[in-house]
Structures are given as structure tokens and as C-alpha cells.
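> As input, take structure_24.txt (compact mmCIF, C-alpha atoms and all ligand atoms):
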```txt
# COMPACT_ATOMS: atom_id res chain seq x y z
CA MET A 1180 11.81 -13.25 -1.28
CA THR A 1181 14.21 -11.61 -3.73
CA ASP A 1182 13.18 -8.36 -5.34
CA GLU A 1183 15.33 -6.97 -8.12
CA ARG A 1184 13.54 -3.65 -8.42
CA PRO A 1185 15.86 -0.68 -7.74
CA TYR A 1186 15.95 0.77 -4.24
CA SER A 1187 16.82 4.43 -3.70
CA PRO A 1188 17.61 5.22 -0.05
CA GLY A 1189 15.83 8.38 1.00
CA LEU A 1190 13.85 8.14 -2.28
CA GLU A 1191 16.63 10.27 -3.78
CA GLY A 1192 16.05 10.76 -7.50
CA VAL A 1193 12.61 9.13 -7.36
CA ILE A 1194 9.71 11.11 -8.81
CA ALA A 1195 6.98 10.49 -6.24
CA ALA A 1196 4.41 13.15 -7.22
CA GLU A 1197 3.42 15.59 -9.92
CA THR A 1198 2.97 19.20 -8.89
CA ALA A 1199 2.12 22.50 -10.52
CA LEU A 1200 3.08 24.45 -7.38
CA GLY A 1201 6.82 24.90 -6.88
CA TYR A 1202 9.74 24.35 -9.27
CA VAL A 1203 13.20 24.09 -7.72
CA ASP A 1204 15.94 24.35 -10.36
CA GLY A 1205 19.13 23.48 -8.50
CA GLU A 1206 21.45 23.88 -11.48
CA LYS A 1207 20.33 27.35 -12.50
CA GLY A 1208 19.44 28.54 -8.99
CA ARG A 1209 15.80 29.21 -9.83
CA LEU A 1210 12.72 28.85 -7.63
CA LEU A 1211 9.32 29.37 -9.22
CA TYR A 1212 5.86 29.32 -7.60
CA ARG A 1213 3.33 28.42 -10.31
CA GLY A 1214 5.86 29.71 -12.82
CA TYR A 1215 6.57 33.07 -11.13
CA ARG A 1216 10.14 33.85 -10.03
CA ILE A 1217 10.67 34.03 -6.26
CA GLY A 1218 12.54 37.34 -6.53
CA ASP A 1219 9.57 38.94 -8.34
CA LEU A 1220 7.10 37.56 -5.79
CA VAL A 1221 9.15 38.99 -2.92
CA GLU A 1222 9.34 42.37 -4.61
CA HIS A 1223 5.76 42.71 -5.79
CA GLY A 1224 3.73 40.41 -3.54
CA THR A 1225 2.87 39.74 0.06
CA TYR A 1226 2.52 36.45 1.87
CA PRO A 1227 -1.30 36.40 1.70
CA ALA A 1228 -1.19 37.02 -2.08
CA VAL A 1229 1.44 34.30 -2.54
CA ALA A 1230 -0.50 31.84 -0.37
CA ASN A 1231 -3.63 32.56 -2.39
CA LEU A 1232 -1.63 32.03 -5.60
CA LEU A 1233 -0.52 28.62 -4.35
CA TRP A 1234 -4.04 27.60 -3.25
CA THR A 1235 -6.02 28.88 -6.22
CA GLY A 1236 -3.58 29.58 -9.08
CA ASP A 1237 -4.76 33.20 -9.24
CA TRP A 1238 -2.32 36.10 -8.87
CA GLU A 1239 -4.12 38.86 -6.97
CA PRO A 1240 -1.42 41.10 -5.49
CA GLU A 1241 -3.99 42.98 -3.40
CA HIS A 1242 -5.18 39.81 -1.67
CA ARG A 1243 -5.27 40.30 2.13
CA MET A 1244 -5.57 37.89 5.03
CA ALA A 1245 -5.52 38.61 8.78
CA THR A 1246 -4.48 36.22 11.54
CA GLY A 1247 -7.26 34.04 12.98
CA GLU A 1248 -8.96 33.54 16.32
CA ILE A 1249 -7.81 30.84 18.74
CA PRO A 1250 -10.71 28.56 19.75
CA ASP A 1251 -11.13 28.36 23.57
CA GLY A 1252 -10.22 24.68 23.75
CA VAL A 1253 -6.97 25.31 21.89
CA LEU A 1254 -6.00 28.16 24.21
CA THR A 1255 -6.62 25.90 27.21
CA THR A 1256 -4.37 23.30 25.59
CA LEU A 1257 -1.59 25.87 25.07
CA GLN A 1258 -1.94 27.05 28.67
CA ALA A 1259 -1.49 23.46 29.84
CA LEU A 1260 1.89 23.06 28.10
CA PRO A 1261 5.07 23.45 30.13
CA LYS A 1262 6.73 26.85 29.62
CA THR A 1263 9.86 24.97 28.62
CA ALA A 1264 8.14 23.29 25.64
CA LYS A 1265 9.84 23.92 22.30
CA PRO A 1266 7.84 26.36 20.14
CA MET A 1267 7.68 23.72 17.37
CA ASP A 1268 6.10 21.24 19.81
CA ALA A 1269 3.62 23.89 20.92
CA LEU A 1270 2.73 24.74 17.31
CA ARG A 1271 2.27 21.07 16.36
CA THR A 1272 0.04 20.59 19.41
CA ALA A 1273 -1.96 23.72 18.58
CA VAL A 1274 -2.58 22.59 14.98
CA SER A 1275 -3.70 19.18 16.23
CA ALA A 1276 -6.01 20.73 18.83
CA TRP A 1277 -7.38 23.17 16.23
CA GLY A 1278 -8.23 20.21 13.97
CA ALA A 1279 -10.22 18.67 16.81
CA THR A 1280 -12.40 21.81 16.98
CA GLN A 1281 -13.13 22.08 13.25
CA ALA A 1282 -14.91 18.94 11.98
CA LEU A 1283 -12.81 19.15 8.80
CA THR A 1284 -14.25 17.38 5.79
CA TYR A 1285 -12.40 15.64 2.94
CA PRO A 1286 -11.30 16.77 0.40
CA PRO A 1287 -9.49 19.77 1.90
CA THR A 1288 -10.41 23.15 0.43
CA PRO A 1289 -8.71 26.55 0.03
CA GLU A 1290 -11.07 27.84 2.76
CA GLN A 1291 -9.74 25.22 5.20
CA ALA A 1292 -6.18 26.06 4.15
CA ARG A 1293 -6.82 29.77 4.68
CA ALA A 1294 -8.35 29.16 8.12
CA LEU A 1295 -5.44 27.03 9.35
CA THR A 1296 -2.77 29.34 7.87
CA ALA A 1297 -4.47 32.28 9.63
CA PHE A 1298 -4.85 30.43 12.94
CA SER A 1299 -1.27 29.19 13.40
CA PRO A 1300 0.51 32.58 13.77
CA SER A 1301 -1.97 33.50 16.54
CA ALA A 1302 -1.29 30.19 18.27
CA LEU A 1303 2.49 30.53 18.12
CA ALA A 1304 2.33 34.15 19.32
CA ALA A 1305 0.02 33.12 22.18
CA PHE A 1306 2.38 30.37 23.29
CA ALA A 1307 5.38 32.70 23.15
CA ARG A 1308 3.55 35.13 25.45
CA LEU A 1309 2.16 32.48 27.80
CA ARG A 1310 5.61 31.02 28.42
CA ALA A 1311 6.83 34.51 29.31
CA GLY A 1312 3.96 34.93 31.78
CA GLN A 1313 2.09 37.39 29.52
CA GLU A 1314 -1.52 37.38 28.32
CA PRO A 1315 -2.12 36.47 24.66
CA VAL A 1316 -3.00 39.39 22.38
CA ALA A 1317 -6.18 39.07 20.30
CA SER A 1318 -5.94 39.12 16.51
CA ASP A 1319 -6.37 42.56 14.90
CA PRO A 1320 -8.41 42.04 11.70
CA SER A 1321 -7.15 45.36 10.28
CA LEU A 1322 -3.61 43.98 10.05
CA ASP A 1323 -2.32 41.65 7.36
CA LEU A 1324 -1.10 38.22 8.47
CA VAL A 1325 2.60 38.93 9.02
CA PRO A 1326 2.30 42.31 10.82
CA GLY A 1327 -0.62 40.75 12.72
CA PHE A 1328 1.65 37.94 13.91
CA LEU A 1329 4.30 40.43 15.10
CA TYR A 1330 1.61 42.47 16.87
CA GLN A 1331 0.28 39.41 18.70
CA LEU A 1332 3.82 38.44 19.63
CA THR A 1333 4.95 41.79 21.00
CA GLY A 1334 1.73 43.69 21.79
CA THR A 1335 2.95 46.54 19.56
CA LYS A 1336 2.11 47.18 15.91
CA PRO A 1337 5.32 46.77 13.89
CA ASP A 1338 6.67 49.55 11.66
CA ALA A 1339 6.22 49.07 7.93
CA GLY A 1340 9.87 48.13 7.26
CA THR A 1341 9.91 45.42 9.92
CA ALA A 1342 6.61 43.96 8.72
CA ARG A 1343 7.81 44.03 5.11
CA ALA A 1344 11.06 42.24 5.95
CA LEU A 1345 9.34 39.39 7.79
CA ASP A 1346 6.69 39.19 5.07
CA ALA A 1347 9.51 38.68 2.52
CA TYR A 1348 10.86 35.85 4.68
CA PHE A 1349 7.37 34.26 4.71
CA VAL A 1350 7.13 34.52 0.90
CA VAL A 1351 10.53 32.90 0.50
CA GLY A 1352 9.64 30.09 2.93
CA ALA A 1353 6.16 29.39 1.56
CA GLU A 1354 6.97 26.52 -0.81
CA HIS A 1355 9.90 24.36 -1.90
CA GLY A 1356 8.82 21.34 -3.92
CA LEU A 1357 8.64 17.82 -2.53
CA ASN A 1358 10.79 18.32 0.56
CA ALA A 1359 10.41 15.91 3.50
CA SER A 1360 7.66 17.77 5.36
CA THR A 1361 5.63 18.44 2.21
CA PHE A 1362 5.93 14.77 1.25
CA THR A 1363 4.77 13.86 4.76
CA ALA A 1364 1.71 16.08 4.36
CA ARG A 1365 0.90 14.48 1.00
CA VAL A 1366 1.30 10.95 2.39
CA ILE A 1367 -1.09 11.72 5.25
CA VAL A 1368 -3.81 13.25 3.07
CA SER A 1369 -3.45 10.43 0.53
CA THR A 1370 -5.20 8.21 3.10
CA ARG A 1371 -8.12 10.69 2.90
CA SER A 1372 -7.17 12.05 6.29
CA ASP A 1373 -7.76 15.75 6.97
CA LEU A 1374 -5.82 18.98 6.47
CA ALA A 1375 -4.95 19.54 10.15
CA SER A 1376 -3.55 16.00 10.52
CA SER A 1377 -1.43 16.56 7.40
CA VAL A 1378 -0.01 19.84 8.68
CA ALA A 1379 0.59 18.48 12.21
CA GLY A 1380 2.58 15.63 10.63
CA ALA A 1381 4.46 18.06 8.39
CA ILE A 1382 5.47 20.14 11.43
CA GLY A 1383 6.80 16.94 13.01
CA ALA A 1384 8.92 16.31 9.91
CA LEU A 1385 10.16 19.91 9.75
CA LYS A 1386 11.25 19.75 13.38
CA GLY A 1387 14.20 17.48 12.56
CA PRO A 1388 17.55 19.28 12.25
CA LEU A 1389 18.21 17.81 8.80
CA HIS A 1390 15.17 19.65 7.47
CA GLY A 1391 14.19 22.59 9.65
CA GLY A 1392 17.49 24.32 9.07
CA ALA A 1393 19.57 26.18 11.53
CA PRO A 1394 19.60 29.94 11.04
CA SER A 1395 20.32 30.26 14.75
CA GLU A 1396 23.57 28.36 14.16
CA VAL A 1397 24.54 30.97 11.56
CA VAL A 1398 24.22 33.62 14.26
CA GLU A 1399 26.31 31.52 16.62
CA GLN A 1400 29.07 31.03 14.03
CA LEU A 1401 29.22 34.74 13.23
CA HIS A 1402 29.67 35.44 16.94
CA GLN A 1403 32.59 33.02 16.88
CA VAL A 1404 34.15 34.79 13.88
CA GLY A 1405 33.91 38.08 15.76
CA SER A 1406 35.62 40.37 13.23
CA VAL A 1407 36.36 40.65 9.50
CA GLU A 1408 40.08 40.36 10.20
CA ARG A 1409 39.57 36.94 11.76
CA ALA A 1410 37.22 35.66 9.02
CA GLU A 1411 39.69 33.83 6.79
CA GLN A 1412 41.52 32.19 9.67
CA TRP A 1413 38.25 31.14 11.33
CA VAL A 1414 36.81 29.69 8.10
CA LYS A 1415 39.96 27.68 7.44
CA GLU A 1416 40.25 26.41 11.01
CA THR A 1417 36.61 25.38 11.04
CA LEU A 1418 36.96 23.42 7.80
CA ASP A 1419 40.26 21.91 9.02
CA LYS A 1420 38.38 20.54 12.03
CA GLY A 1421 35.95 18.83 9.60
CA GLU A 1422 33.10 21.12 10.62
CA ARG A 1423 30.59 22.66 8.25
CA LEU A 1424 29.92 26.30 7.62
CA MET A 1425 26.31 26.99 8.51
CA GLY A 1426 24.33 28.65 5.75
CA PHE A 1427 26.37 27.09 2.92
CA GLY A 1428 25.72 24.04 0.73
CA HIS A 1429 22.43 22.50 -0.34
CA ARG A 1430 21.13 19.11 -1.45
CA VAL A 1431 19.52 20.55 -4.59
CA TYR A 1432 21.08 23.96 -5.36
CA ARG A 1433 24.44 23.97 -7.12
CA ALA A 1434 24.03 27.67 -7.91
CA TYR A 1435 23.45 30.55 -5.47
CA ASP A 1436 20.17 29.84 -3.64
CA PRO A 1437 17.69 32.37 -5.09
CA ARG A 1438 16.04 32.64 -1.66
CA ALA A 1439 19.36 33.73 -0.15
CA ALA A 1440 19.71 36.37 -2.89
CA ALA A 1441 16.21 37.72 -2.17
CA LEU A 1442 16.70 37.78 1.61
CA ARG A 1443 20.14 39.37 1.30
CA LYS A 1444 18.52 42.33 -0.47
CA VAL A 1445 15.79 42.50 2.18
CA ALA A 1446 18.31 42.32 5.05
CA GLN A 1447 20.42 45.10 3.52
CA SER A 1448 17.40 47.38 3.16
CA MET A 1449 16.18 46.94 6.75
CA ASP A 1450 16.26 49.92 9.12
CA LYS A 1451 17.03 47.71 12.09
CA LYS A 1452 19.73 45.43 10.73
CA PRO A 1453 21.46 43.11 13.17
CA GLU A 1454 24.82 44.65 14.02
CA TRP A 1455 26.59 41.61 12.52
CA LEU A 1456 25.08 41.97 9.00
CA ASP A 1457 28.12 43.78 7.56
CA LEU A 1458 30.33 41.10 9.07
CA ALA A 1459 28.06 38.40 7.56
CA ILE A 1460 28.42 39.90 4.07
CA LYS A 1461 32.20 40.00 4.34
CA VAL A 1462 32.43 36.51 5.88
CA GLU A 1463 30.27 35.21 3.02
CA ASP A 1464 32.83 36.39 0.44
CA VAL A 1465 35.66 34.72 2.33
CA ALA A 1466 33.67 31.52 2.90
CA LEU A 1467 32.68 31.21 -0.77
CA ARG A 1468 36.28 31.69 -1.86
CA VAL A 1469 37.68 29.15 0.61
CA LEU A 1470 34.90 26.60 -0.08
CA ALA A 1471 35.62 26.89 -3.83
CA GLU A 1472 39.34 26.26 -3.20
CA ARG A 1473 38.66 23.30 -0.91
CA HIS A 1474 35.86 21.75 -2.98
CA PRO A 1475 36.51 22.49 -6.66
CA GLU A 1476 34.45 19.37 -7.47
CA ARG A 1477 31.31 20.55 -5.66
CA ALA A 1478 29.63 23.95 -5.90
CA LEU A 1479 29.03 25.03 -2.31
CA LYS A 1480 27.15 28.31 -2.28
CA THR A 1481 25.23 30.39 0.22
CA ASN A 1482 21.86 28.89 1.19
CA VAL A 1483 18.63 30.48 2.44
CA GLU A 1484 19.54 30.08 6.12
CA TYR A 1485 22.42 32.53 5.96
CA TYR A 1486 20.32 35.63 5.32
CA ALA A 1487 17.18 34.23 6.97
CA ALA A 1488 19.13 34.56 10.20
CA ALA A 1489 19.70 38.27 9.52
CA VAL A 1490 16.07 38.98 8.69
CA LEU A 1491 14.62 36.99 11.59
CA GLN A 1492 16.95 38.57 14.10
CA GLY A 1493 16.52 42.00 12.55
CA VAL A 1494 12.75 41.88 13.08
CA GLY A 1495 13.33 41.02 16.73
CA LEU A 1496 12.56 37.28 16.90
CA THR A 1497 14.53 35.24 19.40
CA PRO A 1498 16.48 32.35 17.82
CA ASP A 1499 14.35 29.69 19.51
CA LEU A 1500 11.35 30.98 17.53
CA PHE A 1501 13.13 30.68 14.15
CA PRO A 1502 12.12 27.06 13.32
CA ALA A 1503 8.45 27.57 14.25
CA THR A 1504 8.34 30.80 12.25
CA PHE A 1505 9.63 28.85 9.25
CA ALA A 1506 6.77 26.38 9.87
CA LEU A 1507 4.25 29.25 9.79
CA ALA A 1508 5.60 30.36 6.41
CA ARG A 1509 5.51 26.83 5.00
CA HIS A 1510 1.79 26.46 5.84
CA ALA A 1511 0.91 27.89 2.41
CA GLY A 1512 2.95 25.26 0.57
CA TRP A 1513 1.91 22.32 2.75
CA THR A 1514 -1.77 23.09 2.47
CA ALA A 1515 -1.54 23.76 -1.29
CA HIS A 1516 0.14 20.36 -1.76
CA VAL A 1517 -2.54 18.69 0.37
CA ILE A 1518 -5.26 20.22 -1.84
CA GLU A 1519 -3.36 19.21 -4.99
CA GLN A 1520 -2.80 15.65 -3.77
CA SER A 1521 -6.44 15.12 -2.86
CA ALA A 1522 -7.64 16.54 -6.20
CA ASP A 1523 -6.05 13.57 -8.00
CA ASN A 1524 -5.42 11.13 -5.21
CA ARG A 1525 -3.71 7.79 -5.21
CA LEU A 1526 -2.93 6.28 -1.79
CA ILE A 1527 0.86 6.66 -1.32
CA ARG A 1528 2.01 3.20 -0.41
CA PRO A 1529 5.48 2.23 -1.70
CA ASP A 1530 7.11 -1.15 -1.19
CA ALA A 1531 10.03 -2.13 1.04
CA ARG A 1532 12.64 -4.72 0.12
CA TYR A 1533 12.45 -7.46 2.73
CA THR A 1534 15.86 -8.17 4.30
CA GLY A 1535 14.77 -10.35 7.26
CA PRO A 1536 15.08 -14.12 7.80
CA GLN A 1537 13.56 -16.63 5.37
CA GLU A 1538 10.33 -18.31 6.40
CA ARG A 1539 11.03 -20.52 9.42
CA ASP A 1540 9.43 -22.41 12.30
CA LEU A 1541 9.10 -20.94 15.79
CA PRO A 1542 11.66 -22.43 18.20
CA ALA A 1543 10.20 -25.49 19.97
N1 LIG B 1601 30.56 23.50 4.88
C1 LIG B 1601 31.65 22.80 4.55
N2 LIG B 1601 31.64 21.74 3.73
C2 LIG B 1601 30.46 21.38 3.22
C3 LIG B 1601 29.28 22.07 3.52
C4 LIG B 1601 29.37 23.17 4.38
N3 LIG B 1601 28.30 23.89 4.70
N4 LIG B 1601 28.26 21.49 2.87
C5 LIG B 1601 28.79 20.45 2.20
N5 LIG B 1601 30.11 20.40 2.40
C6 LIG B 1601 31.06 19.48 1.79
C7 LIG B 1601 31.41 18.37 2.72
O1 LIG B 1601 32.80 18.27 2.71
C8 LIG B 1601 30.80 17.13 2.11
O2 LIG B 1601 31.76 16.14 2.09
P1 LIG B 1601 31.87 15.06 3.31
O3 LIG B 1601 30.58 14.26 3.25
O4 LIG B 1601 33.07 14.31 2.96
O5 LIG B 1601 31.98 15.84 4.58
C9 LIG B 1601 30.47 17.49 0.66
O6 LIG B 1601 30.47 18.92 0.61
C10 LIG B 1601 29.10 16.97 0.26
O7 LIG B 1601 28.18 17.24 1.28
P2 LIG B 1601 26.83 16.45 1.47
O8 LIG B 1601 26.57 16.28 2.92
O9 LIG B 1601 26.79 15.24 0.60
O10 LIG B 1601 25.83 17.43 0.90
P3 LIG B 1601 24.29 17.29 1.09
O11 LIG B 1601 23.73 17.66 -0.19
O12 LIG B 1601 23.88 16.01 1.67
O13 LIG B 1601 24.06 18.35 2.26
C11 LIG B 1601 23.53 20.20 3.52
C12 LIG B 1601 23.42 19.51 2.15
C13 LIG B 1601 22.70 21.46 3.50
C14 LIG B 1601 23.01 19.27 4.63
C15 LIG B 1601 25.02 20.55 3.78
O14 LIG B 1601 25.50 21.36 2.74
C16 LIG B 1601 25.24 21.20 5.14
O15 LIG B 1601 25.41 20.50 6.13
N6 LIG B 1601 25.25 22.57 5.21
C17 LIG B 1601 25.43 23.27 6.46
C18 LIG B 1601 24.13 23.35 7.23
C19 LIG B 1601 23.13 24.27 6.59
O16 LIG B 1601 23.45 25.37 6.14
N7 LIG B 1601 21.88 23.83 6.54
C20 LIG B 1601 20.78 24.57 5.96
C21 LIG B 1601 20.37 23.99 4.64
S1 LIG B 1601 19.12 24.93 3.82
```
Just give me the structure of the file as C-alpha cells.


Amino acid sequence: MTDERPYSPGLEGVIAAETALGYVDGEKGRLLYRGYRIGDLVEHGTYPAVANLLWTGDWEPEHRMATGEIPDGVLTTLQALPKTAKPMDALRTAVSAWGATQALTYPPTPEQARALTAFSPSALAAFARLRAGQEPVASDPSLDLVPGFLYQLTGTKPDAGTARALDAYFVVGAEHGLNASTFTARVIVSTRSDLASSVAGAIGALKGPLHGGAPSEVVEQLHQVGSVERAEQWVKETLDKGERLMGFGHRVYRAYDPRAAALRKVAQSMDKKPEWLDLAIKVEDVALRVLAERHPERALKTNVEYYAAAVLQGVGLTPDLFPATFALARHAGWTAHVIEQSADNRLIRPDARYTGPQERDLPA
């Protein structure tokens, strides 16, 4: 029962797939989608164009995609959920229910990916309204996916700046290599299961606090800081207590997270910035300086969550919708990985090292 093969807890350092989709370069702080830099995609693309790039490999900056319809059975399912349900639970349920209405065939296709990615924003917006006692708003096919989502959420068409800012967040969140939820999606489809099951599982994986991030905690910490004058003292006291600064540090990035850099620019150019954005920029400088003093051995830089918080709050989303909105953005990456996995599939079935008792007889 001994097995000398190496074991890597958490599969850290193990290459478990090949992908042509996203390249995360932690040392140099680069993120590429099919070779294109994230900063360039944010500046020159939109979420539908980036999703299409991930699905098909073609860069068509004019590519458009509206939000989708909610099948009747799915709406009934959303209406049956308690108003207190977490938006992530509602979204996972909606994706599962949607799959039951679609008769999805294997292998998954870009058309299936497009349909699910278009459906989910409508479902999340509908749940957000239902829990507030409001009627869902039907999809407007004249609007692109991200402004369409905001319209279905609020009942009002967003201004161009607001739509552009959230679209940038969606582009930045679309894909990030073989993270836990993407791996989950690939494992599920490797059994020749369907696209909706893969994405429902991925949402389950993203829901965990170690993965789904905590931009709402960034907002909370900035409230605690209160003012620029208090920043240095607050940062030091927080670290002295052994607590972490939200929005700093990353498992892969040792350089400044390129997604944070892109979203910082977007947040600064927004008309409706959260009132704490100036404070956030000043606190960031202090935090980076103090983290460098305290951890000279480990590069702890700003991560995507720090400025995601500013953008999401600036466009008017409530913090409890942040994780599910991240899940909407990641649909493009999940579904692209599912298509890629099934195009050259090998059932994902690793081994475990057995650590239980030796073979023995049942007690008499
Ligand atoms: N604030 C203060 N210290 C930090 C830190 C942070 N945000 N992130 C890491 N460190 C320090 C810790 O002292 C840690 O040492 P310890 O284990 O003795 O406490 C050391 O750096 C190594 O951290 P480790 O947990 O091994 O890094 P990781 O690669 O596993 O963790 C994160 C990455 C993102 C989980 C971690 O940096 C973190 O908790 N950040 C804050 C939460 C956050 O912003 N999450 C969103 C991520 S996109």
C-alpha cells in the first residue's frame, strides 16, 4: 500500500491541463487572453468581443451580444427561492434549472456558451428584483450584455460611463488560467457531462471565500480607516493584530496585479466614483510601503479586489451582489475552458495516496 509518487497538496505546482486561453505571469505581472494583454483588451474591447475571442480565437472588436431570455420554468424556480438566499446560490440554481430546459448535447459549443453567458445576467438581475419585491425586467436586445444587465437590475438604462466601467470589470474578470472554479468546470466536462453542469459546479467552487474574493471587505476596511491621516496608524495596527489587508497579496502575482492596474484607471475615470476612492489611492501607497517594510522577503502588492470594489460600488451594485457579478464575468472563461477540454478530452481522474488501515478482518 505504499506509493512513492510525489504528492502536492492543493495540486500546487502540478500542470493539470494545457490551455491556449489565459496566461497568468505572476513574476512579470502579465495577464494575456489568447496572447493579448489585458490592459489592451480593456481599452479597446468589450466583454462580448472578449468572450467571443475566448470561445473562437477570433478578435472582432465590434462583436455584440445582448442578455438572454429567462425560460418560464427557470423564473418559477427563482420565484420559489427565499428572499434571503445568497445571490450566488440563486445564480447556481438558475444555471442548473436553465440546463434542465435546454437538452444540451456533448461536446459543448460556442453557441451553447453564448446562450448561457447571455442568460445568467438576466437571471441574477431577476432574482435581485424578486427579493426586493419588484417585477423582473425583460431583456432589451438593443443593449449590449453589460448595460443590458444593469438595465434589468435597475429598470433604467445606464449612462455610457457606468456601462463602460462595469464592462471593463467584466473583461478583467473573464478568465484567469486554471483557478479552482475553472478546474472544477474542466473536471465536470471531462466526464462528458454538459456545459450547464460544468458552470453550476464552477459557481459552487467560486462561492468559497478562498476563491471568490472579497471586494466588499475592501470597502469595509476603508470605512475603518476613515481618513488619510489615520491610514498609516490603521495599517500598522491591523498588521500588528495579525490581520490581513484586503486587496493585497496574491498566490500567483509577485508583481502589481495587471487587473488592479486596469481597474484603477477605470475607477479614476468614472463620473460617479465612490466617495472613498481618493482615500483608497492614498491608503494603497501607505499599505504598499508598510507591507514592503514588514515583508521584505515577499512581494505583497495590490490585487484585483482593491479596485474592483471601487468600480462595482461606483456603478451602484450593492456589496452582496459583488461575488455573483464576478461569476457572471467568469462565464466566458469557464465556458471557453469547457469547450477546450472537450475538444481534446481525457477523463480527469488523479490518484490519492491511501493513508488508512492495512487490510484487516471485520471485528467478530
Ligand atoms: N496582508 C498582510 N499580510 C499578508 C497579506 C495581506 N493581504 N497577504 C499575505 N500576507 C503575508 C502573511 O504574513 C503571510 O504570512 P503568514 O502565513 O505567516 O501569515 C505571508 O504573506 C504569505 O501569505 P500566504 O497566505 O502564504 O499567501 P497566499 O499566496 O497563500 O495567499 C492571499 C494569497 C490572496 C490569500 C493572501 O495574500 C490574502 O489573504 N490576501 C488578502 C485577501 C485578499 O485580498 N483576497 C483577494 C485575492 S485576489

> Could you check which of A:Thr1341, A:Asn1358, A:Thr1363, A:Ser1321 is closest to Met1449 in chain A, using all atoms listed in the file?

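Counting all atoms listed in the file, the residue closest to Met1449 in chain A is A:Thr1341.
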
> Calculated over only C-alpha atoms and all ligand atoms, which of the candidates A:Arg1430, A:Arg1365, A:Arg1473, A:Lys1265 has the smallest distance to ligand LIG 1601 (chain B)?

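Result for the nearest residue to ligand LIG 1601 (chain B): A:Arg1430.
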
> Pick the closest to Leu1374 in chain A from A:Glu1183, A:Glu1290, A:Glu1314, A:Glu1197: which is it, counting only C-alpha atoms?

A:Glu1290

> Scan for residues within 12 Å of the point (17.3, 34.4, 13.5) in the coordinates of the file, using only C-alpha atoms, and reply as an mmCIF file with C-alpha atoms, keeping the file's coordinate frame.


```cif
data_model
loop_
_atom_site.group_PDB
_atom_site.id
_atom_site.type_symbol
_atom_site.label_atom_id
_atom_site.label_comp_id
_atom_site.auth_asym_id
_atom_site.auth_seq_id
_atom_site.Cartn_x
_atom_site.Cartn_y
_atom_site.Cartn_z
ATOM 1 C CA LEU A 1345 9.340 39.390 7.790
ATOM 2 C CA TYR A 1348 10.860 35.850 4.680
ATOM 3 C CA GLY A 1392 17.490 24.320 9.070
ATOM 4 C CA ALA A 1393 19.570 26.180 11.530
ATOM 5 C CA PRO A 1394 19.600 29.940 11.040
ATOM 6 C CA SER A 1395 20.320 30.260 14.750
ATOM 7 C CA GLU A 1396 23.570 28.360 14.160
ATOM 8 C CA VAL A 1397 24.540 30.970 11.560
ATOM 9 C CA VAL A 1398 24.220 33.620 14.260
ATOM 10 C CA GLU A 1399 26.310 31.520 16.620
ATOM 11 C CA LEU A 1401 29.220 34.740 13.230
ATOM 12 C CA GLY A 1426 24.330 28.650 5.750
ATOM 13 C CA ALA A 1446 18.310 42.320 5.050
ATOM 14 C CA LYS A 1452 19.730 45.430 10.730
ATOM 15 C CA PRO A 1453 21.460 43.110 13.170
ATOM 16 C CA TRP A 1455 26.590 41.610 12.520
ATOM 17 C CA LEU A 1456 25.080 41.970 9.000
ATOM 18 C CA VAL A 1483 18.630 30.480 2.440
ATOM 19 C CA GLU A 1484 19.540 30.080 6.120
ATOM 20 C CA TYR A 1485 22.420 32.530 5.960
ATOM 21 C CA TYR A 1486 20.320 35.630 5.320
ATOM 22 C CA ALA A 1487 17.180 34.230 6.970
ATOM 23 C CA ALA A 1488 19.130 34.560 10.200
ATOM 24 C CA ALA A 1489 19.700 38.270 9.520
ATOM 25 C CA VAL A 1490 16.070 38.980 8.690
ATOM 26 C CA LEU A 1491 14.620 36.990 11.590
ATOM 27 C CA GLN A 1492 16.950 38.570 14.100
ATOM 28 C CA GLY A 1493 16.520 42.000 12.550
ATOM 29 C CA VAL A 1494 12.750 41.880 13.080
ATOM 30 C CA GLY A 1495 13.330 41.020 16.730
ATOM 31 C CA LEU A 1496 12.560 37.280 16.900
ATOM 32 C CA THR A 1497 14.530 35.240 19.400
ATOM 33 C CA PRO A 1498 16.480 32.350 17.820
ATOM 34 C CA ASP A 1499 14.350 29.690 19.510
ATOM 35 C CA LEU A 1500 11.350 30.980 17.530
ATOM 36 C CA PHE A 1501 13.130 30.680 14.150
ATOM 37 C CA PRO A 1502 12.120 27.060 13.320
ATOM 38 C CA ALA A 1503 8.450 27.570 14.250
ATOM 39 C CA THR A 1504 8.340 30.800 12.250
ATOM 40 C CA PHE A 1505 9.630 28.850 9.250
#
```

> Between A:Phe1349, A:Trp1413, A:Phe1306, A:Tyr1432, which has the minimum distance to ligand LIG 1601 (chain B) (counting all atoms listed in the file)?

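Using all atoms listed in the file, ligand LIG 1601 (chain B) sits closest to A:Tyr1432.
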
> Can you tell me which residues sit at most 7 Å away from ligand LIG 1601 (chain B), counting all atoms listed in the file, written as a PyMOL selection string?

chain A and resi 1389+1392-1393+1418+1422-1431+1470+1477+1479+1482-1484

> From the options A:Phe1298, A:Tyr1330, A:Tyr1533, A:Tyr1186, which residue's atoms come nearest to His1510 in chain A, counting all atoms listed in the file?

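Checking each of A:Phe1298, A:Tyr1330, A:Tyr1533, A:Tyr1186 against His1510 in chain A, counting all atoms listed in the file, the winner is A:Phe1298.
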
> One decimal, Å: what's the distance from CA of Ala1441 in chain A over to CA of Val1351 in chain A, could you say?

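Distance reported for this atom pair: 7.9 Å.
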
> Excluding Ile1249 in chain A and its own-chain neighbours fewer than 4 positions away, which residues fall within 8 Å of it when counting only C-alpha atoms? Please give them as a VMD selection string.

chain A and resid 1253 to 1254 1298 1301 to 1302

> Between CA of Glu1411 in chain A and CA of Val1465 in chain A, what distance in Å does the model show, to one decimal?

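Distance reported for this atom pair: 6.1 Å.
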
> Which distance in Å separates CA of Val1325 in chain A and CA of Arg1293 in chain A, to one decimal?

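CA of Val1325 in chain A sits 13.8 Å away from CA of Arg1293 in chain A.
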
> Give me the residues near Arg1433 in chain A as an MDAnalysis selection string, where near means some atom within 7 Å (using only C-alpha atoms) and where sequence neighbours in that chain fewer than 5 positions away do not count.

chainID A and resid 1205:1206 1478:1479

> Rank A:Thr1481, A:Gln1400, A:Gln1313, A:Ser1376 by their smallest atom-to-atom distance to Thr1514 in chain A, using only C-alpha atoms, and report the top residue only.

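Residue with the minimum atom-to-atom distance to Thr1514 in chain A: A:Ser1376.
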